[in-house]
Amino acid sequence: MKEFGGKALFLDRNDINTDEIIPAKYLTENTKLALQPFILEDLKLGGFDPRRDIEGKGVIISRANFGCGSSREHAVWVFEVNDINVVIAESFARIFRQNMYNCGMLAIELPKKEIETLFGLGEVVEITVDLVAGTLTAQGDKKVVISFKMNEFDKKLVEAGGWLAYADKNY
């Protein structure tokens, strides 16, 4: 099973939608890799510059209703090709969350209080996730360990590396 985590990119806003994650004009690209430079290109967030702020990050921490909008898998693929394998938020659009699991990536929902704790750890935060134990460790100005829950089937999808790998193994 792959490791999950990395340096955190904080996106302090609710309702970040799939058009902001990957603009629709790029949906005609025929490879995931072709999407890579356009990640979060249309996200309007004070002080945020995707060309400067994304490199070297493996985790996104955001607010409520992350991934709302259309059901496109491209929004997850653009994270995958940019080495972002975990998104942590108060809540997710249902289809976006499932697309994350289907691609073998983690969408971790935490209560608002826990999200506030993560945002309060400083500007440089490293996240490690123990999928088996259902915990994430965040190291910033201080260290915190937070428990999270996933249903067992989604956990198996992620452990397998996504839906296709799960199906190959089990059917």
# chains A, B, ... in the order shown; residues from 1 in each chain; ligands from 1
>>> residues_around(residues="A:Asn99", least_positions_apart="2", cutoff="9 Å", atoms="only C-alpha atoms", output="VMD selection string")
chain A and resid 71 to 73 75 to 76 94 to 97 101 to 105
>>> write_last_selection(atoms="C-alpha atoms", output="mmCIF file, in the first residue's frame")
data_model
loop_
_atom_site.group_PDB
_atom_site.id
_atom_site.type_symbol
_atom_site.label_atom_id
_atom_site.label_comp_id
_atom_site.auth_asym_id
_atom_site.auth_seq_id
_atom_site.Cartn_x
_atom_site.Cartn_y
_atom_site.Cartn_z
ATOM 1 C CA SER A 71 -18.812 15.043 -11.515
ATOM 2 C CA ARG A 72 -15.635 15.078 -13.624
ATOM 3 C CA GLU A 73 -12.838 12.724 -12.656
ATOM 4 C CA ALA A 75 -10.552 17.170 -10.753
ATOM 5 C CA VAL A 76 -9.054 14.166 -8.976
ATOM 6 C CA ARG A 94 -20.327 13.123 -2.772
ATOM 7 C CA ILE A 95 -19.089 12.369 -6.302
ATOM 8 C CA PHE A 96 -15.738 14.094 -5.791
ATOM 9 C CA ARG A 97 -15.130 12.107 -2.593
ATOM 10 C CA TYR A 101 -11.413 6.708 -3.420
ATOM 11 C CA ASN A 102 -11.909 5.224 -6.893
ATOM 12 C CA CYS A 103 -8.481 6.601 -7.847
ATOM 13 C CA GLY A 104 -6.858 5.214 -4.687
ATOM 14 C CA MET A 105 -6.571 8.597 -2.990
#
>>> residues_around(residues="stretch 148-160 of chain A", least_positions_apart="3", cutoff="9 Å", atoms="only C-alpha atoms", output="number ranges by chain")
A: 1-2, 98, 100-106, 108-110, 131-136, 163-167, 169
>>> closest_residue(among="A:Pro23, A:Gly5, A:Pro111, A:Gly56", to="A:Ile146", atoms="only C-alpha atoms")
A:Pro111
>>> select_by_dssp(residues="stretch 21-83 of chain A", states="helix (DSSP H, G or I)", output="list of chain:residue names")
A:Ile21, A:Ala24, A:Lys25, A:Tyr26, A:Leu33, A:Ala34, A:Leu35, A:Gln36, A:Pro37, A:Phe38, A:Pro50, A:Arg51, A:Arg52, A:Asp53, A:His74, A:Ala75, A:Val76, A:Trp77, A:Val78, A:Phe79, A:Glu80
>>> residues_around(residues="A:Glu126", least_positions_apart="5", cutoff="7 Å", atoms="only C-alpha atoms", output="JSON list (two decimals) with N, CA and C atoms, in the first residue's frame")
[["chain", "number", "residue", "atom", "x", "y", "z"],
["A", 6, "GLY", "N", 2.30, 14.32, 3.22],
["A", 6, "GLY", "CA", 3.22, 15.28, 2.63],
["A", 6, "GLY", "C", 3.01, 16.64, 3.25],
["A", 7, "LYS", "N", 3.66, 17.62, 2.67],
["A", 7, "LYS", "CA", 3.48, 19.00, 3.12],
["A", 7, "LYS", "C", 2.09, 19.47, 2.74],
["A", 8, "ALA", "N", 1.51, 20.27, 3.62],
["A", 8, "ALA", "CA", 0.12, 20.71, 3.45],
["A", 8, "ALA", "C", 0.03, 22.04, 2.70],
["A", 138, "ALA", "N", -0.18, 15.51, 12.24],
["A", 138, "ALA", "CA", 0.19, 16.80, 11.65],
["A", 138, "ALA", "C", 1.27, 17.42, 12.51],
["A", 139, "GLN", "N", 2.38, 17.76, 11.86],
["A", 139, "GLN", "CA", 3.50, 18.39, 12.56],
["A", 139, "GLN", "C", 3.71, 19.78, 11.99],
["A", 140, "GLY", "N", 3.48, 20.77, 12.81],
["A", 140, "GLY", "CA", 3.71, 22.17, 12.45],
["A", 140, "GLY", "C", 4.40, 22.83, 13.62]]
>>> residues_around(residues="A:Ala24", least_positions_apart="3", cutoff="10 Å", atoms="only C-alpha atoms", output="list in words")
Thr18, Asp19, Glu20, Ile21, Leu27, Thr28, Ser70, Arg72, His74 and Ala75 of chain A
>>> residues_around(residues="stretch 10-12 of chain A", least_positions_apart="6", cutoff="9 Å", atoms="only C-alpha atoms", output="ChimeraX atom specification")
/A:45,48,59-63,119,123
>>> write_last_selection(atoms="C-alpha atoms", output="PDB file, in the first residue's frame")
ATOM      1  CA  LEU A  45      -8.072  33.026  -3.044  1.00  0.00           C
ATOM      2  CA  PHE A  48      -2.678  32.195  -3.595  1.00  0.00           C
ATOM      3  CA  VAL A  59      -1.938  17.266   1.032  1.00  0.00           C
ATOM      4  CA  ILE A  60      -4.666  19.880   0.695  1.00  0.00           C
ATOM      5  CA  ILE A  61      -6.500  21.144   3.774  1.00  0.00           C
ATOM      6  CA  SER A  62      -9.659  23.108   3.102  1.00  0.00           C
ATOM      7  CA  ARG A  63     -13.100  23.944   4.431  1.00  0.00           C
ATOM      8  CA  PHE A 119      -5.132  25.629  10.218  1.00  0.00           C
ATOM      9  CA  GLU A 123       2.453  27.903   7.701  1.00  0.00           C
TER      10      GLU A 123
END
>>> residues_around(residues="A:Val78", least_positions_apart="4", cutoff="10 Å", atoms="only C-alpha atoms", output="PyMOL selection string")
chain A and resi 21-22+32-40+73-74+82-84
>>> write_last_selection(atoms="C-alpha atoms", output="PDB file, in the first residue's frame")
ATOM      1  CA  ILE A  21      -9.672  22.667  -9.468  1.00  0.00           C
ATOM      2  CA  ILE A  22      -9.322  22.102 -13.238  1.00  0.00           C
ATOM      3  CA  LYS A  32      -3.802  12.913 -17.114  1.00  0.00           C
ATOM      4  CA  LEU A  33      -0.297  14.329 -17.394  1.00  0.00           C
ATOM      5  CA  ALA A  34      -1.489  16.993 -19.854  1.00  0.00           C
ATOM      6  CA  LEU A  35      -3.658  18.405 -17.038  1.00  0.00           C
ATOM      7  CA  GLN A  36      -0.713  18.898 -14.658  1.00  0.00           C
ATOM      8  CA  PRO A  37       0.153  22.575 -15.267  1.00  0.00           C
ATOM      9  CA  PHE A  38      -3.452  23.762 -14.948  1.00  0.00           C
ATOM     10  CA  ILE A  39      -4.144  22.673 -11.361  1.00  0.00           C
ATOM     11  CA  LEU A  40      -6.174  25.242  -9.399  1.00  0.00           C
ATOM     12  CA  GLU A  73     -12.838  12.724 -12.656  1.00  0.00           C
ATOM     13  CA  HIS A  74     -10.368  15.256 -14.056  1.00  0.00           C
ATOM     14  CA  ASN A  82       0.692  16.762  -9.127  1.00  0.00           C
ATOM     15  CA  ASP A  83       1.501  14.216  -6.363  1.00  0.00           C
ATOM     16  CA  ILE A  84      -1.329  15.352  -4.086  1.00  0.00           C
TER      17      ILE A  84
END
>>> atom_distance(atom1="atom CA of A:Ile127", atom2="atom CA of A:Glu90")
16.5 Å
>>> closest_residue(among="A:Pro50, A:Gly58, A:Gly67, A:Gly161", to="A:Asn14", atoms="only C-alpha atoms")
A:Gly67
>>> select_by_dssp(residues="chain A", states="strand (DSSP E or B)", output="JSON, numbers by chain")
{"A": [4, 5, 6, 7, 8, 9, 10, 17, 57, 58, 59, 60, 61, 66, 68, 86, 87, 88, 89, 92, 106, 107, 108, 109, 126, 127, 128, 129, 130, 135, 136, 137, 138, 139, 143, 144, 145, 146, 147]}
>>> write_last_selection(atoms="C-alpha atoms", output="short mmCIF file (atom, residue, chain, number, x, y, z; two decimals), in the first residue's frame")
data_model
loop_
_atom_site.label_atom_id
_atom_site.label_comp_id
_atom_site.auth_asym_id
_atom_site.auth_seq_id
_atom_site.Cartn_x
_atom_site.Cartn_y
_atom_site.Cartn_z
CA PHE A 4 -0.24 9.04 2.17
CA GLY A 5 0.79 12.48 3.26
CA GLY A 6 3.22 15.28 2.63
CA LYS A 7 3.48 19.00 3.12
CA ALA A 8 0.12 20.71 3.45
CA LEU A 9 -1.36 23.34 1.15
CA PHE A 10 -4.00 25.33 3.04
CA ASN A 17 -15.54 23.62 -7.05
CA LYS A 57 2.77 19.71 -1.53
CA GLY A 58 1.12 16.32 -1.04
CA VAL A 59 -1.94 17.27 1.03
CA ILE A 60 -4.67 19.88 0.70
CA ILE A 61 -6.50 21.14 3.77
CA PHE A 66 -14.80 20.68 -1.32
CA CYS A 68 -18.62 20.67 -5.54
CA VAL A 86 -4.83 13.48 0.36
CA VAL A 87 -7.51 16.15 0.65
CA ILE A 88 -8.76 16.98 4.15
CA ALA A 89 -11.92 19.05 4.55
CA PHE A 92 -16.92 16.91 0.25
CA LEU A 106 -7.81 9.86 0.37
CA ALA A 107 -10.63 12.31 1.04
CA ILE A 108 -10.68 12.72 4.83
CA GLU A 109 -13.63 14.45 6.45
CA GLU A 126 3.70 18.02 7.40
CA ILE A 127 0.92 15.40 7.39
CA THR A 128 1.32 11.64 7.64
CA VAL A 129 -1.65 9.30 7.42
CA ASP A 130 -1.99 5.84 8.91
CA THR A 135 -5.20 8.52 12.19
CA LEU A 136 -3.36 11.45 10.74
CA THR A 137 -0.41 13.13 12.35
CA ALA A 138 0.19 16.80 11.65
CA GLN A 139 3.50 18.39 12.56
CA LYS A 143 2.27 18.00 16.78
CA VAL A 144 -1.30 16.69 16.79
CA VAL A 145 -2.77 13.27 16.10
CA ILE A 146 -6.35 13.20 14.80
CA SER A 147 -8.58 10.17 14.26
#
